[in-house]
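Before any comments, here is the structure.
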Amino acid sequence: MTTSFSIHGVGVSSGIAIGHAHLVSNALLEVVHYQLPAHLIEDEVERFTNAVESVKTDLEQIRNSLRNSAPAELGSLIGTHLMMLADKSLSEIPKDIIRKEQCNAEWAIKLQMDDIVDQFEQIEDEYLRERKQDVIQVVERVIKVLLGHPSQLTSEQQASAINKERKRILVAHDISPADAIQFKQHQFGAFITDVGGVTSHTAILARSLNIPSIVALQRARDLINDGELIIVDGTQGVVIVNPDKSILTEYKLKQDQWEIEQLKLQRIKTTKAMTMDGANIELFANIEVPEDIAAVKASGATGIGLYRTEFLFMNKREMPDEEEQFTAYRAVAEAMKGAEVIIRTLDLGADKQMNPDTVVTCANPALGLRAVRLCLSEPQIFHTQFRALLRASHYGNIKILIPMLCTLAELRQTKLLLERAKVSLRKEDIPFNENIALGGMIEIPAAAINAEAFAKELDFLSIGTNDLIQYTLAIDRTDDAVAHLYNPLHPSVLKLILMTIKAGAKLGKPVSVCGEMAGDTKLTKLLVGMGLKRLSMHPSHILSVKQQILHSHLSQLNLNARKVLDLTDLEKIELLVSKLNLR
Ligand code: PEP
Ligand code: MG
């Protein structure tokens with residue numbers, strides 16, 4: 001008999017999902033499982049054989065091209081990978097699995113890899129035990145090739161594979177942003193992890209997928225078995241494993257109610273976000289990839305307030321070149337048909353690494369070479385991105401946003417590089433918007449305190465509350481151990497936001513919030529009351545935030561916000577905000 005139990009974590013994306021657990025290791029999240037009809041099995045075996053051959057050729061080519069000066073370990077590592085690939089356990093047994101399980105090749109080799117890794121984990125010698133990483137790396141190579149040459153499934157078979165996937169709930173110890181971005185191509189029902197913070201980029205991506213998700217469950221991956229039925233309540237942050245019949249019925253009902261509420265919200269999709277006393281608030285969308293535009297359109301957002309371009313750089317060996325970037329930015333600009341599109345320059349570093357397996361070597365990556373600091377230290381990155389952005393500006397209403405500004409010197413150097421990119425395009429007669437607007441993220445306390453100076457030299461400001469909270473309160477936004485201390489209502493955070501709003505108002509420069517605070521309905525009235533006229537959030541939050549605005553009077557919100565800002569005690573602020581939200 002299966003025992004039912006529940007685990008509590010932090011809900012980062014609301015809603016309820018009911019499905020079967022799919023345990024994943026970090027490395028192989030991309031692998032989907034589907035069954036194939038009998039007549040396609042031998043084709044699948046051949047697809048597998050070809051993929052193994054192709055990896056073998058690649059590895060041999062790499063080994064042959066190694067210079068004499070290359071470290072000896074590199075050559076022997078490739079030799080080890082080639083040996084592993086030639087071993088029956090990786091080159092033959094997956095074929096048997098494909099035939100026996102009638103499944104896709106990616107799944108077969110993943111099953112086999114899990115088995116081998118389990119055997120390695122039994123080894124006492126630590127060095128030998130860690131060789132499992134080599135197996136994982138070799139298998140990853142094969143899977144990458146397989147993904148580039150998909151099976152010949154009919155569209156009906158693909159739809160049925162997707163349908164099965166929709167019912168799966170991903171259970172992982174941790175998921176990096178680079179892993180999570182790949183979920184956009186999948187249709188999981190929900191995902192849950194052992195670690196993670198509410199405003200970590202993984203959580204942000206979960207919200208953008210609009211599927212329930214929970215982080216900081218501590219030991220979910222140990223406690224849950226593959227295939228077990230689980231309920232994920234993203235609103236309450238609860239996972240129920242092996243629910244009994246009555247609990248299941250109750251949650252199915254809750255799930256229906258949630259869906260009805262979401263449908264009801266659709267009624268205000270085309271309604272202007274205006275308070276009852278006529279103040280217009282602009283609700284913009286945050287996106288990570290051009291494919292998010294469909295969700296932006298469905299949400300009724302009036303523009304894009306934050307396009308996080310770093311996701312274009314993830315899961316790649318090389319940085320995307322100017323052409324690839326230009327194509328992505330242009331696609332977004334054109335799809336928005338003249339509406340504002342604020343594109344942020346590369347914000348790599350800290351929890352956002354190009355690859356999930358990148359080892360971060362500095363002690364405090366969030367305080368390290370991140371965002372604008374990284375781009376200024378490697379100006380070629382900036383040059384390429386600025387040229388791509390400027391070229392794309394010819395095709396729509398693009399504005400550029402610089403992340404993590406701390407000093408005016410950084411801003412001025414950035415402007416010089418932007419000018420240099422403009423000069424190079426002029427020389428080549430390539431059209432672009434000469435007057436492209438330049439904005440800065442206010443997400444470091446130093447920048448908020450000095451916001452007036454930044455406002456003088458910029459066209460607009462955008463408050464990144466996720467980092468502003470992290471840096472003001474000295475709380476790592478990805479660390480669940482201190483997640484309970486991460487609080488947007490801390491009086492010092494509110495004061496910094498107010499300083500920025502006032503600086504913008506004084507100099508006539510628009511100010512928005514594009515951090516997760518903007519999409520939190522419990523904070524909408526406070527932020528609008530503090531003077532914000534533009535909020536940018538994930539498309540899935542736009543309608544519920546709009547509903548808050550439609551039921552408010554700006555004059556009352558202003559009065560209420562003043563009362564909140566007079567307080568210096570966090571507990572009292574929390575109490576007053578929840579009281580004022582009821583009105
Ligand atoms: C922020 O810090 O609030 C922000 C919007 O940027 P990111 O979450 O990408 O760091
Ligand atoms: Mg930030």
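Ordering of the structure tokens sets the chain letters (A, B, ...); residue numbers start at 1 within each chain; ligands are numbered from 1 in the order shown.
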Spatial neighbours of Pro177 of chain A, max dist 10 Å, only C-alpha atoms, sep filter under 3 positions, as an NGL selection string: :A and (174 or 180-183 or 200-206 or 311 or 314-315 or 351-356)
Could you give me, as a Markdown table, every chain A residue with an atom at most 9 Å from ligand 2, plus its closest atom pair and distance in Å to one decimal, counting only C-alpha atoms and all ligand atoms, rows ordered by chain then number?
| residue | atom | partner | partner_atom_place_in_ligand_line | distance |
| --- | --- | --- | --- | --- |
| A:Asp347 | CA | ligand 2 | 1 (Mg) | 7.7 |
| A:Ala371 | CA | ligand 2 | 1 (Mg) | 8.7 |
| A:Pro403 | CA | ligand 2 | 1 (Mg) | 6.7 |
| A:Met404 | CA | ligand 2 | 1 (Mg) | 6.7 |
| A:Met441 | CA | ligand 2 | 1 (Mg) | 7.7 |
| A:Ile442 | CA | ligand 2 | 1 (Mg) | 8.6 |
| A:Glu443 | CA | ligand 2 | 1 (Mg) | 6.2 |
| A:Ile444 | CA | ligand 2 | 1 (Mg) | 8.7 |
| A:Ile463 | CA | ligand 2 | 1 (Mg) | 8.7 |
| A:Gly464 | CA | ligand 2 | 1 (Mg) | 5.2 |
| A:Thr465 | CA | ligand 2 | 1 (Mg) | 7.3 |
| A:Asn466 | CA | ligand 2 | 1 (Mg) | 5.9 |
| A:Asp467 | CA | ligand 2 | 1 (Mg) | 4.7 |
| A:Leu468 | CA | ligand 2 | 1 (Mg) | 7.5 |
| A:Cys514 | CA | ligand 2 | 1 (Mg) | 9.0 |
| A:Gly515 | CA | ligand 2 | 1 (Mg) | 7.3 |
Output N, CA, C and O atoms of each residue in that selection to a file, as a PDB file, in the first residue's frame.
ATOM      1  N   ASP A 347      22.558  40.441 -19.113  1.00  0.00           N
ATOM      2  CA  ASP A 347      22.727  40.409 -17.650  1.00  0.00           C
ATOM      3  C   ASP A 347      23.146  38.994 -17.235  1.00  0.00           C
ATOM      4  O   ASP A 347      22.435  38.309 -16.507  1.00  0.00           O
ATOM      5  N   ALA A 371      26.412  41.356 -15.475  1.00  0.00           N
ATOM      6  CA  ALA A 371      25.673  42.373 -16.235  1.00  0.00           C
ATOM      7  C   ALA A 371      26.592  43.417 -16.874  1.00  0.00           C
ATOM      8  O   ALA A 371      27.534  43.066 -17.565  1.00  0.00           O
ATOM      9  N   PRO A 403      21.426  46.984 -17.374  1.00  0.00           N
ATOM     10  CA  PRO A 403      21.251  46.420 -16.022  1.00  0.00           C
ATOM     11  C   PRO A 403      22.405  46.746 -15.071  1.00  0.00           C
ATOM     12  O   PRO A 403      23.525  47.003 -15.516  1.00  0.00           O
ATOM     13  N   MET A 404      22.105  46.730 -13.781  1.00  0.00           N
ATOM     14  CA  MET A 404      23.124  46.765 -12.715  1.00  0.00           C
ATOM     15  C   MET A 404      24.019  47.984 -12.713  1.00  0.00           C
ATOM     16  O   MET A 404      25.204  47.884 -12.357  1.00  0.00           O
ATOM     17  N   MET A 441      18.615  50.351 -15.289  1.00  0.00           N
ATOM     18  CA  MET A 441      17.964  49.623 -14.201  1.00  0.00           C
ATOM     19  C   MET A 441      18.457  50.208 -12.891  1.00  0.00           C
ATOM     20  O   MET A 441      19.667  50.394 -12.695  1.00  0.00           O
ATOM     21  N   ILE A 442      17.529  50.457 -11.992  1.00  0.00           N
ATOM     22  CA  ILE A 442      17.910  50.872 -10.639  1.00  0.00           C
ATOM     23  C   ILE A 442      17.686  49.637  -9.774  1.00  0.00           C
ATOM     24  O   ILE A 442      16.552  49.286  -9.431  1.00  0.00           O
ATOM     25  N   GLU A 443      18.762  48.944  -9.494  1.00  0.00           N
ATOM     26  CA  GLU A 443      18.634  47.690  -8.741  1.00  0.00           C
ATOM     27  C   GLU A 443      19.769  47.488  -7.744  1.00  0.00           C
ATOM     28  O   GLU A 443      19.856  46.462  -7.089  1.00  0.00           O
ATOM     29  N   ILE A 444      20.611  48.503  -7.660  1.00  0.00           N
ATOM     30  CA  ILE A 444      21.664  48.492  -6.635  1.00  0.00           C
ATOM     31  C   ILE A 444      21.344  49.689  -5.737  1.00  0.00           C
ATOM     32  O   ILE A 444      21.047  50.781  -6.251  1.00  0.00           O
ATOM     33  N   ILE A 463      12.981  50.097 -12.166  1.00  0.00           N
ATOM     34  CA  ILE A 463      13.453  49.584 -10.867  1.00  0.00           C
ATOM     35  C   ILE A 463      13.413  48.060 -10.863  1.00  0.00           C
ATOM     36  O   ILE A 463      12.352  47.452 -11.047  1.00  0.00           O
ATOM     37  N   GLY A 464      14.574  47.470 -10.664  1.00  0.00           N
ATOM     38  CA  GLY A 464      14.674  45.998 -10.600  1.00  0.00           C
ATOM     39  C   GLY A 464      14.592  45.598  -9.134  1.00  0.00           C
ATOM     40  O   GLY A 464      15.605  45.510  -8.441  1.00  0.00           O
ATOM     41  N   THR A 465      13.381  45.376  -8.678  1.00  0.00           N
ATOM     42  CA  THR A 465      13.205  45.146  -7.233  1.00  0.00           C
ATOM     43  C   THR A 465      13.813  43.817  -6.766  1.00  0.00           C
ATOM     44  O   THR A 465      14.176  43.691  -5.602  1.00  0.00           O
ATOM     45  N   ASN A 466      13.940  42.849  -7.669  1.00  0.00           N
ATOM     46  CA  ASN A 466      14.489  41.554  -7.238  1.00  0.00           C
ATOM     47  C   ASN A 466      15.901  41.733  -6.693  1.00  0.00           C
ATOM     48  O   ASN A 466      16.251  41.233  -5.632  1.00  0.00           O
ATOM     49  N   ASP A 467      16.706  42.452  -7.474  1.00  0.00           N
ATOM     50  CA  ASP A 467      18.071  42.683  -7.012  1.00  0.00           C
ATOM     51  C   ASP A 467      18.128  43.780  -5.961  1.00  0.00           C
ATOM     52  O   ASP A 467      18.946  43.722  -5.050  1.00  0.00           O
ATOM     53  N   LEU A 468      17.263  44.779  -6.106  1.00  0.00           N
ATOM     54  CA  LEU A 468      17.296  45.873  -5.124  1.00  0.00           C
ATOM     55  C   LEU A 468      17.056  45.313  -3.711  1.00  0.00           C
ATOM     56  O   LEU A 468      17.725  45.710  -2.757  1.00  0.00           O
ATOM     57  N   CYS A 514      10.115  46.704 -12.864  1.00  0.00           N
ATOM     58  CA  CYS A 514      10.054  45.500 -13.697  1.00  0.00           C
ATOM     59  C   CYS A 514      10.462  44.247 -12.922  1.00  0.00           C
ATOM     60  O   CYS A 514      10.579  43.172 -13.478  1.00  0.00           O
ATOM     61  N   GLY A 515      10.684  44.390 -11.611  1.00  0.00           N
ATOM     62  CA  GLY A 515      10.986  43.213 -10.785  1.00  0.00           C
ATOM     63  C   GLY A 515       9.692  42.487 -10.429  1.00  0.00           C
ATOM     64  O   GLY A 515       8.589  42.932 -10.798  1.00  0.00           O
TER      65      GLY A 515
END
How close does each residue of segment 187-265 of chain A get to segment 295-304 of chain A, giving the shortest atom pair and distance in Å to one decimal for every residue with an atom at most 12 Å away, counting only C-alpha atoms, sorted by chain and residue number, as JSON lines?
{"residue": "A:Ser208", "atom": "CA", "partner": "A:Ala295", "partner_atom": "CA", "distance": 8.9}
{"residue": "A:Leu209", "atom": "CA", "partner": "A:Ala295", "partner_atom": "CA", "distance": 9.4}
{"residue": "A:Asn210", "atom": "CA", "partner": "A:Ala295", "partner_atom": "CA", "distance": 9.7}
{"residue": "A:Gln262", "atom": "CA", "partner": "A:Ser299", "partner_atom": "CA", "distance": 11.4}
{"residue": "A:Leu263", "atom": "CA", "partner": "A:Ser299", "partner_atom": "CA", "distance": 11.8}
{"residue": "A:Leu265", "atom": "CA", "partner": "A:Ser299", "partner_atom": "CA", "distance": 10.0}
Since we have the selection now, will you write its residues out, keeping C-alpha atoms, as a compact mmCIF listing (two decimals), in the first residue's frame?
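Printed below is result.txt as written:
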# COMPACT_ATOMS: atom_id res chain seq x y z
CA SER A 208 6.50 32.85 -17.12
CA LEU A 209 5.54 29.28 -18.02
CA ASN A 210 2.30 29.78 -16.14
CA GLN A 262 -8.60 32.58 -14.86
CA LEU A 263 -11.23 32.47 -17.58
CA LEU A 265 -10.26 37.48 -15.87
Segment 76-187 of chain A: which residues are strand (DSSP E or B) by DSSP, as a PyMOL selection string? chain A and resi 103+168-172
Mind dumping the selected residues with all heavy atoms as a PDB file, in the first residue's frame?
ATOM      1  N   CYS A 103      10.325   2.590 -27.165  1.00  0.00           N
ATOM      2  CA  CYS A 103      10.388   4.012 -26.814  1.00  0.00           C
ATOM      3  C   CYS A 103      11.398   4.747 -27.687  1.00  0.00           C
ATOM      4  O   CYS A 103      12.125   4.142 -28.472  1.00  0.00           O
ATOM      5  CB  CYS A 103      10.778   4.166 -25.348  1.00  0.00           C
ATOM      6  SG  CYS A 103      12.436   3.577 -25.002  1.00  0.00           S
ATOM      7  N   ARG A 168       2.832  15.267 -16.603  1.00  0.00           N
ATOM      8  CA  ARG A 168       3.996  14.918 -15.794  1.00  0.00           C
ATOM      9  C   ARG A 168       4.425  16.094 -14.923  1.00  0.00           C
ATOM     10  O   ARG A 168       4.363  17.253 -15.350  1.00  0.00           O
ATOM     11  CB  ARG A 168       5.163  14.527 -16.697  1.00  0.00           C
ATOM     12  CG  ARG A 168       4.929  13.176 -17.347  1.00  0.00           C
ATOM     13  CD  ARG A 168       6.181  12.599 -17.897  1.00  0.00           C
ATOM     14  NE  ARG A 168       6.817  13.497 -18.850  1.00  0.00           N
ATOM     15  CZ  ARG A 168       8.091  13.405 -19.175  1.00  0.00           C
ATOM     16  NH1 ARG A 168       8.856  12.495 -18.635  1.00  0.00           N
ATOM     17  NH2 ARG A 168       8.612  14.232 -20.052  1.00  0.00           N
ATOM     18  N   ILE A 169       4.856  15.759 -13.728  1.00  0.00           N
ATOM     19  CA  ILE A 169       5.323  16.803 -12.824  1.00  0.00           C
ATOM     20  C   ILE A 169       6.806  16.598 -12.580  1.00  0.00           C
ATOM     21  O   ILE A 169       7.241  15.527 -12.144  1.00  0.00           O
ATOM     22  CB  ILE A 169       4.506  16.770 -11.524  1.00  0.00           C
ATOM     23  CG1 ILE A 169       3.099  17.254 -11.883  1.00  0.00           C
ATOM     24  CG2 ILE A 169       5.153  17.645 -10.454  1.00  0.00           C
ATOM     25  CD1 ILE A 169       2.085  17.096 -10.853  1.00  0.00           C
ATOM     26  N   LEU A 170       7.547  17.601 -12.940  1.00  0.00           N
ATOM     27  CA  LEU A 170       8.990  17.490 -12.857  1.00  0.00           C
ATOM     28  C   LEU A 170       9.471  17.664 -11.427  1.00  0.00           C
ATOM     29  O   LEU A 170       9.141  18.650 -10.779  1.00  0.00           O
ATOM     30  CB  LEU A 170       9.567  18.622 -13.697  1.00  0.00           C
ATOM     31  CG  LEU A 170      10.673  18.217 -14.606  1.00  0.00           C
ATOM     32  CD1 LEU A 170      10.085  17.603 -15.844  1.00  0.00           C
ATOM     33  CD2 LEU A 170      11.483  19.420 -14.963  1.00  0.00           C
ATOM     34  N   VAL A 171      10.261  16.706 -10.958  1.00  0.00           N
ATOM     35  CA  VAL A 171      10.780  16.789  -9.591  1.00  0.00           C
ATOM     36  C   VAL A 171      12.300  16.810  -9.701  1.00  0.00           C
ATOM     37  O   VAL A 171      12.898  15.878 -10.232  1.00  0.00           O
ATOM     38  CB  VAL A 171      10.338  15.557  -8.765  1.00  0.00           C
ATOM     39  CG1 VAL A 171      10.793  15.695  -7.317  1.00  0.00           C
ATOM     40  CG2 VAL A 171       8.827  15.367  -8.836  1.00  0.00           C
ATOM     41  N   ALA A 172      12.921  17.883  -9.226  1.00  0.00           N
ATOM     42  CA  ALA A 172      14.380  17.981  -9.355  1.00  0.00           C
ATOM     43  C   ALA A 172      14.976  18.518  -8.069  1.00  0.00           C
ATOM     44  O   ALA A 172      14.281  19.169  -7.285  1.00  0.00           O
ATOM     45  CB  ALA A 172      14.741  18.912 -10.505  1.00  0.00           C
TER      46      ALA A 172
END
So how many Å separate atom CA of Asp476 of chain A and atom CA of Asp194 of chain A, to one decimal? 16.4 Å
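With only C-alpha atoms taken into account, the protein and nucleic acid residues at most 7 Å from segment 327-339 of chain A (excluding it and anything under 4 positions from it in its own chain) are Pro290, Thr302, Gly303, Glu323, Leu389, Ala392, Tyr395, Gly396, Asn397 and Ile398 of chain A.
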Those selected residues, please, written with N, CA, C and O atoms and delivered as a compact mmCIF listing (two decimals), in the first residue's frame.
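Generated output (result_2.txt):
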# COMPACT_ATOMS: atom_id res chain seq x y z
N PRO A 290 11.82 35.39 -27.76
CA PRO A 290 10.83 35.93 -28.69
C PRO A 290 9.52 35.13 -28.72
O PRO A 290 8.44 35.69 -28.93
N THR A 302 0.39 46.35 -22.95
CA THR A 302 0.49 47.41 -23.95
C THR A 302 1.90 47.59 -24.50
O THR A 302 2.14 48.42 -25.36
N GLY A 303 2.83 46.83 -24.00
CA GLY A 303 4.20 46.92 -24.50
C GLY A 303 5.06 45.90 -23.78
O GLY A 303 4.57 45.15 -22.94
N GLU A 323 24.11 38.65 -36.08
CA GLU A 323 22.98 38.30 -36.93
C GLU A 323 21.89 37.58 -36.13
O GLU A 323 20.70 37.88 -36.24
N LEU A 389 21.02 45.55 -31.63
CA LEU A 389 19.86 46.30 -31.12
C LEU A 389 19.55 47.51 -32.01
O LEU A 389 18.39 47.79 -32.34
N ALA A 392 18.01 46.47 -35.22
CA ALA A 392 16.60 46.06 -35.03
C ALA A 392 15.71 47.27 -34.77
O ALA A 392 14.50 47.24 -35.06
N TYR A 395 13.15 48.57 -37.15
CA TYR A 395 11.94 47.80 -37.47
C TYR A 395 10.86 47.89 -36.40
O TYR A 395 9.88 47.16 -36.44
N GLY A 396 11.03 48.73 -35.42
CA GLY A 396 10.02 48.84 -34.36
C GLY A 396 10.43 49.86 -33.33
O GLY A 396 11.40 50.60 -33.52
N ASN A 397 9.69 49.89 -32.23
CA ASN A 397 9.89 50.92 -31.21
C ASN A 397 10.77 50.40 -30.06
O ASN A 397 10.30 50.16 -28.97
N ILE A 398 12.04 50.18 -30.39
CA ILE A 398 12.96 49.58 -29.40
C ILE A 398 13.60 50.64 -28.52
O ILE A 398 14.01 51.71 -29.00
